[in-house]
Amino acid sequence: MSDTTLSSTSTVSLPAFRFSAAETLKHAVLIFGSLIVLLPFYVMVSYSFKSPAEIMQNIGGFFGAQEAFRDDYCIKLGNDEADCMVTPIIYNYTTAFEKAPLIRYLLNGVIVTASIFFIQVLVALPCAYALAKLRFWGREAVFGLVLFCLLIPVHAIALPLYIMLAKVGLTNTYAALIIPWTISVFGIFLMRQFFMTVPDDLIDAARMDGMNEFSIIWNVMLPTAIPALLAFAIFSVVAHWNDYFWPRIVITGDRSLFTPPLGLREFKGDADGDNFGPMMATATIIVAPLIVAFLIAQRRFIEGITLSGMK
Amino acid sequence: MPRSKAPYWFVGPALFLMFVILLLPIGIASIMSFTNYSLGNSGAEFVGLENYEKIFTRSTYEKMFGATFRYVFVVVPLSVGLGLGAALLINSTKRFGDLYKTIYFLPVMAALIAMAIVWEFAFHPTIGIVNSTLERGCGTFLEVWGWYAHGCERGFPLWLTDRDYAIWTVAFIGVWQGFGFNMVLYLAGLTSVPRELYQAAEMDGAKSAWDRFRLVTWPMLGPTTVFVATISFIRSFQVFDTVEAFYPQGGGPSKSVYVMMFAIYEKAIQQNLMGIGAAITVVFLAFVMFLTLVQRWLVERRVHYS
């Protein structure tokens, strides 16, 4: 990292105290930035631990006092007051799962993101292989079309897509959540660029062994493409797990099809004072999987997300 | 491979999906933008340029363009500038660089809708952490700043519900969310700047850090900057999650945050005015495609140093 530093080349000759002053200032700026970046994460996790009273009065530090408080809803159900005393952290997280079918939402999120990724690969890989390694009439035109389609943000054409899906009666289905994303021109472009670097000899050898083109794709090209595919997987999963706009449009009302962002949004819609804690718990649960995965495999994630930086 | 039909089988599905999912919708939107189509109606009337005329004359849409451009022209320069600044700082520190990188990248990973809801809490006028933190600074040297003293006396802004602050607050969240992404791209760009160039520049008399930045780093990062700026433009044009989370109806205090994607959503999906929604879609696509073409043009004519 320090290979290409801006200052190290010149600061070597400067007296030590000047050097550390500059360094301290840099860290001061970077730490200040970190505090602002981390602020909402702090608020989110902290509120998911606290009782309603602590949230309302903005007290209790990060964890809150964790003193048991009376759950009014439980009393309304006719239970004894002693049975209705709850610890904030436990109350928040259990309510998050009880008040709405959060498990179902998370499952939907997994189903949708996984389906999208597998279909994208299924469609893009053969196309990328043909564009990179096979010679056929119209290849340049197809590649030109891919480059043109890279210009189109799918969110921007959401309205006509919605009408098309509505016309064939597919709104409020898994299909509606998945279909618009089945074609990833970016995936085709990326895999094509990657396949261009695979030596022809490898493919010729496979042909000599009597493999047909179809099995070459899945038995020869796919294994060589694992690193690129992994990066693409991260890119795709992050985009679709977090996507809110498209599910918002095609899923109207049917809770059993909600993805995690929709579930959270609905929770917010009918949250009152007592529910801020559980709502923050829901937000934490939805954000956590990607953040944890990111912290475990940072390098891969940053590679995957910045893939779009490849030209 | 002329003997085989295999390539067409491989390209076929992708080609079909490109036509149906990406190209056909653009055609549909273009045609629909000249009609008054509504979902559920059997037919639609051809209304000529009426939809476009509305977009470019009515005050609602004037506000839409105003909010969109205000948002875009705050978020793009700030997220590109902060991304570059963070990358340069991280690149030049000896320690903890990876830690800062990880922290600054976190907002990129987190679902924006979730973080929007959290920010709404943070910006809450009475129980929010932002205003309560600001209040703690009252009575200190910060009151020298007129705005701050005013806030201490009369109360700090309502942020998201204040007509004068709403769009800037939403833009702030956009910057918060996006600059880490730009930082990572800049860090990648910085690793490809050859070290010898700095030495050469120094020999030629570039003494200060600013000179080295101006003469070496900035020109060498040119292609990265073009790319980062385009990506930021396209992303910020598409802002929706935060706006919908804060203002499910109407687009904020006196429509000051009525951005284009929200307008499409409101007109077409909520009010079933497909014609006008399609017209906004077409204008939107024109913007985005124009920007990307400008980027490609800039990349192609860029000067190669190596």
# chains A, B, ... in the order shown; residues from 1 in each chain; ligands from 1
>>> closest_atom_pairs(of="range 7-45 of chain B", to="range 165-189 of chain A", cutoff="9 Å", atoms="only C-alpha atoms", output="tab-separated table")
residue	atom	partner	partner_atom	distance
B:Ala14	CA	A:Ile183	CA	6.6
B:Leu17	CA	A:Ile183	CA	6.1
B:Met18	CA	A:Ile183	CA	6.6
B:Ile21	CA	A:Pro180	CA	6.1
B:Leu22	CA	A:Pro180	CA	8.4
B:Leu39	CA	A:Ala166	CA	8.4
>>> residues_around(residues="Ala114 in chain B", least_positions_apart="5", cutoff="12 Å", atoms="only C-alpha atoms", output="ChimeraX atom specification")
/A:40-41,43-45,241-244,260-268,279-288 /B:107,109,119-121,177,241-242,244-246
>>> residues_around(residues="range 293-295 of chain B", least_positions_apart="4", cutoff="7 Å", atoms="only C-alpha atoms", output="count of residues only")
5
>>> interface_residues(of="chain B", to="chain A", cutoff="6 Å", atoms="only C-alpha atoms", output="list in words")
Met1, Pro7, Phe10, Val11, Ala14, Pro25, Ala29, Asn91, Ser92, Ala110, Ala111, Ala114, Val118, Ile127 and Met289 of chain B
>>> write_last_selection(atoms="N, CA and C atoms", output="CSV table (one decimal), in the first residue's frame")
chain,number,residue,atom,x,y,z
B,1,MET,N,-15.6,-21.7,-37.3
B,1,MET,CA,-16.6,-22.7,-36.9
B,1,MET,C,-17.9,-22.7,-37.8
B,7,PRO,N,-22.8,-21.9,-32.1
B,7,PRO,CA,-22.8,-20.5,-31.6
B,7,PRO,C,-24.1,-19.9,-31.5
B,10,PHE,N,-25.8,-20.8,-28.5
B,10,PHE,CA,-25.2,-20.2,-27.3
B,10,PHE,C,-25.6,-18.7,-27.2
B,11,VAL,N,-25.7,-18.0,-28.3
B,11,VAL,CA,-26.0,-16.6,-28.3
B,11,VAL,C,-27.5,-16.4,-28.2
B,14,ALA,N,-29.5,-15.3,-24.9
B,14,ALA,CA,-29.1,-14.0,-24.5
B,14,ALA,C,-29.7,-12.9,-25.4
B,25,PRO,N,-38.8,-2.8,-24.2
B,25,PRO,CA,-39.3,-1.8,-23.2
B,25,PRO,C,-39.1,-0.4,-23.7
B,29,ALA,N,-42.0,2.2,-24.2
B,29,ALA,CA,-42.0,3.5,-23.5
B,29,ALA,C,-42.1,4.7,-24.5
B,91,ASN,N,-4.0,6.2,1.1
B,91,ASN,CA,-2.8,5.7,0.3
B,91,ASN,C,-1.5,6.3,0.9
B,92,SER,N,-1.6,7.4,1.6
B,92,SER,CA,-0.4,8.1,2.1
B,92,SER,C,-0.1,7.8,3.6
B,110,ALA,N,-24.5,-1.9,2.7
B,110,ALA,CA,-25.7,-1.9,3.5
B,110,ALA,C,-26.9,-1.6,2.6
B,111,ALA,N,-28.0,-2.2,2.8
B,111,ALA,CA,-29.2,-1.9,2.1
B,111,ALA,C,-29.6,-0.4,2.4
B,114,ALA,N,-32.7,0.4,4.5
B,114,ALA,CA,-32.5,0.3,5.9
B,114,ALA,C,-31.8,1.5,6.5
B,118,VAL,N,-32.7,4.5,9.3
B,118,VAL,CA,-31.9,4.9,10.4
B,118,VAL,C,-31.5,6.4,10.4
B,127,ILE,N,-35.7,13.7,19.0
B,127,ILE,CA,-34.9,12.6,19.6
B,127,ILE,C,-33.7,12.1,18.8
B,289,MET,N,-28.2,8.0,-21.2
B,289,MET,CA,-27.4,7.5,-22.4
B,289,MET,C,-26.5,8.6,-22.9
>>> select_by_dssp(residues="range 42-114 of chain B", states="alpha helix (DSSP H)", output="JSON, numbers by chain")
{"B": [50, 51, 52, 53, 54, 55, 56, 57, 59, 60, 61, 62, 63, 64, 65, 66, 67, 68, 69, 70, 71, 72, 73, 74, 75, 76, 77, 78, 79, 80, 81, 82, 83, 84, 85, 86, 87, 88, 89, 90, 91, 92, 97, 98, 99, 100, 101, 102, 103, 104, 105, 106, 107, 108, 109, 112, 113, 114]}
>>> residues_around(residues="range 77-84 of chain B", least_positions_apart="3", cutoff="7 Å", atoms="only C-alpha atoms", output="number ranges by chain")
B: 73-74, 87-88, 175, 178-180, 182-183, 186, 228-229
>>> atom_distance(atom1="CA of Gly61 in chain A", atom2="CA of Phe49 in chain A")
10.2 Å
>>> atom_distance(atom1="CA of Ile251 in chain A", atom2="CA of Met261 in chain B")
17.4 Å
>>> atom_distance(atom1="CA of Leu106 in chain B", atom2="CA of Val259 in chain B")
25.4 Å
>>> closest_residue(among="B:Phe96, B:Phe69, B:Trp210, B:Tyr52", to="Phe287 in chain B", atoms="only C-alpha atoms")
B:Phe69
>>> select_by_dssp(residues="range 34-280 of chain A", states="strand (DSSP E)", output="number ranges by chain")
A: 69-70, 85-86
>>> write_last_selection(atoms="C-alpha atoms", output="PDB file, in the first residue's frame")
ATOM      1  CA  PHE A  69     -39.862  -2.895  31.048  1.00  0.00           C
ATOM      2  CA  ARG A  70     -43.596  -3.552  30.787  1.00  0.00           C
ATOM      3  CA  MET A  85     -41.844  -7.702  31.963  1.00  0.00           C
ATOM      4  CA  VAL A  86     -39.359  -7.970  29.121  1.00  0.00           C
TER       5      VAL A  86
END
>>> closest_residue(among="B:Gly189, B:Pro248, B:Pro253, B:Pro219", to="Glu266 in chain B", atoms="only C-alpha atoms")
B:Pro248
>>> closest_residue(among="B:Ile231, B:Pro223, B:Met260, B:Glu196", to="Trp297 in chain B", atoms="only C-alpha atoms")
B:Pro223
>>> residues_around(residues="Asp72 in chain A", least_positions_apart="3", cutoff="10 Å", atoms="only C-alpha atoms", output="ChimeraX atom specification")
/A:69,75-77,79,81,84-85,274
>>> residues_around(residues="Gly252 in chain B", least_positions_apart="2", cutoff="9 Å", atoms="only C-alpha atoms", output="list of chain:residue names")
B:Leu160, B:Thr161, B:Asp162, B:Arg163, B:Ala166, B:Ile167, B:Val243, B:Phe246, B:Tyr247, B:Pro248, B:Gln249, B:Gly250, B:Ser254, B:Lys255, B:Ser256, B:Val257, B:Tyr258
>>> write_last_selection(atoms="N, CA and C atoms", output="compact mmCIF listing (two decimals), in the first residue's frame")
# COMPACT_ATOMS: atom_id res chain seq x y z
N LEU B 160 -35.08 16.85 7.55
CA LEU B 160 -35.84 16.19 6.47
C LEU B 160 -37.22 16.78 6.23
N THR B 161 -37.76 17.48 7.20
CA THR B 161 -39.09 18.04 6.99
C THR B 161 -39.05 19.54 6.76
N ASP B 162 -37.84 20.07 6.64
CA ASP B 162 -37.69 21.49 6.42
C ASP B 162 -37.49 21.74 4.92
N ARG B 163 -38.30 22.61 4.35
CA ARG B 163 -38.26 22.82 2.92
C ARG B 163 -36.87 23.26 2.43
N ALA B 166 -34.36 19.91 3.18
CA ALA B 166 -34.69 18.52 2.83
C ALA B 166 -33.80 17.96 1.72
N ILE B 167 -33.74 18.65 0.59
CA ILE B 167 -33.00 18.07 -0.55
C ILE B 167 -31.52 17.93 -0.23
N VAL B 243 -35.75 8.72 -1.00
CA VAL B 243 -36.88 9.63 -1.18
C VAL B 243 -38.18 8.92 -0.82
N PHE B 246 -38.48 8.45 3.02
CA PHE B 246 -38.78 9.65 3.81
C PHE B 246 -40.14 10.23 3.46
N TYR B 247 -40.47 10.21 2.17
CA TYR B 247 -41.69 10.87 1.71
C TYR B 247 -42.50 9.94 0.82
N PRO B 248 -43.20 8.96 1.43
CA PRO B 248 -43.96 8.02 0.60
C PRO B 248 -45.00 8.72 -0.28
N GLN B 249 -45.46 9.87 0.12
CA GLN B 249 -46.41 10.62 -0.70
C GLN B 249 -45.82 11.97 -1.07
N GLY B 250 -45.89 12.30 -2.35
CA GLY B 250 -45.71 13.68 -2.73
C GLY B 250 -44.33 14.26 -2.92
N SER B 254 -43.12 20.73 0.12
CA SER B 254 -43.43 21.44 -1.13
C SER B 254 -42.66 20.88 -2.33
N LYS B 255 -42.70 19.56 -2.43
CA LYS B 255 -42.13 18.84 -3.58
C LYS B 255 -40.65 19.15 -3.81
N SER B 256 -39.94 19.53 -2.76
CA SER B 256 -38.55 19.92 -2.98
C SER B 256 -37.64 18.72 -3.21
N VAL B 257 -38.15 17.50 -2.97
CA VAL B 257 -37.30 16.31 -3.16
C VAL B 257 -37.95 15.38 -4.18
N TYR B 258 -38.71 15.97 -5.11
CA TYR B 258 -39.49 15.19 -6.07
C TYR B 258 -38.58 14.77 -7.22
>>> closest_residue(among="B:Ala268, B:Ala171, B:Leu273, B:Ala279", to="Val76 in chain B", atoms="only C-alpha atoms")
B:Ala171
>>> residues_around(residues="range 130-144 of chain B", least_positions_apart="4", cutoff="10 Å", atoms="only C-alpha atoms", output="PyMOL selection string")
(chain A and resi 39+58) or (chain B and resi 119+121-126+148-153+155-159)
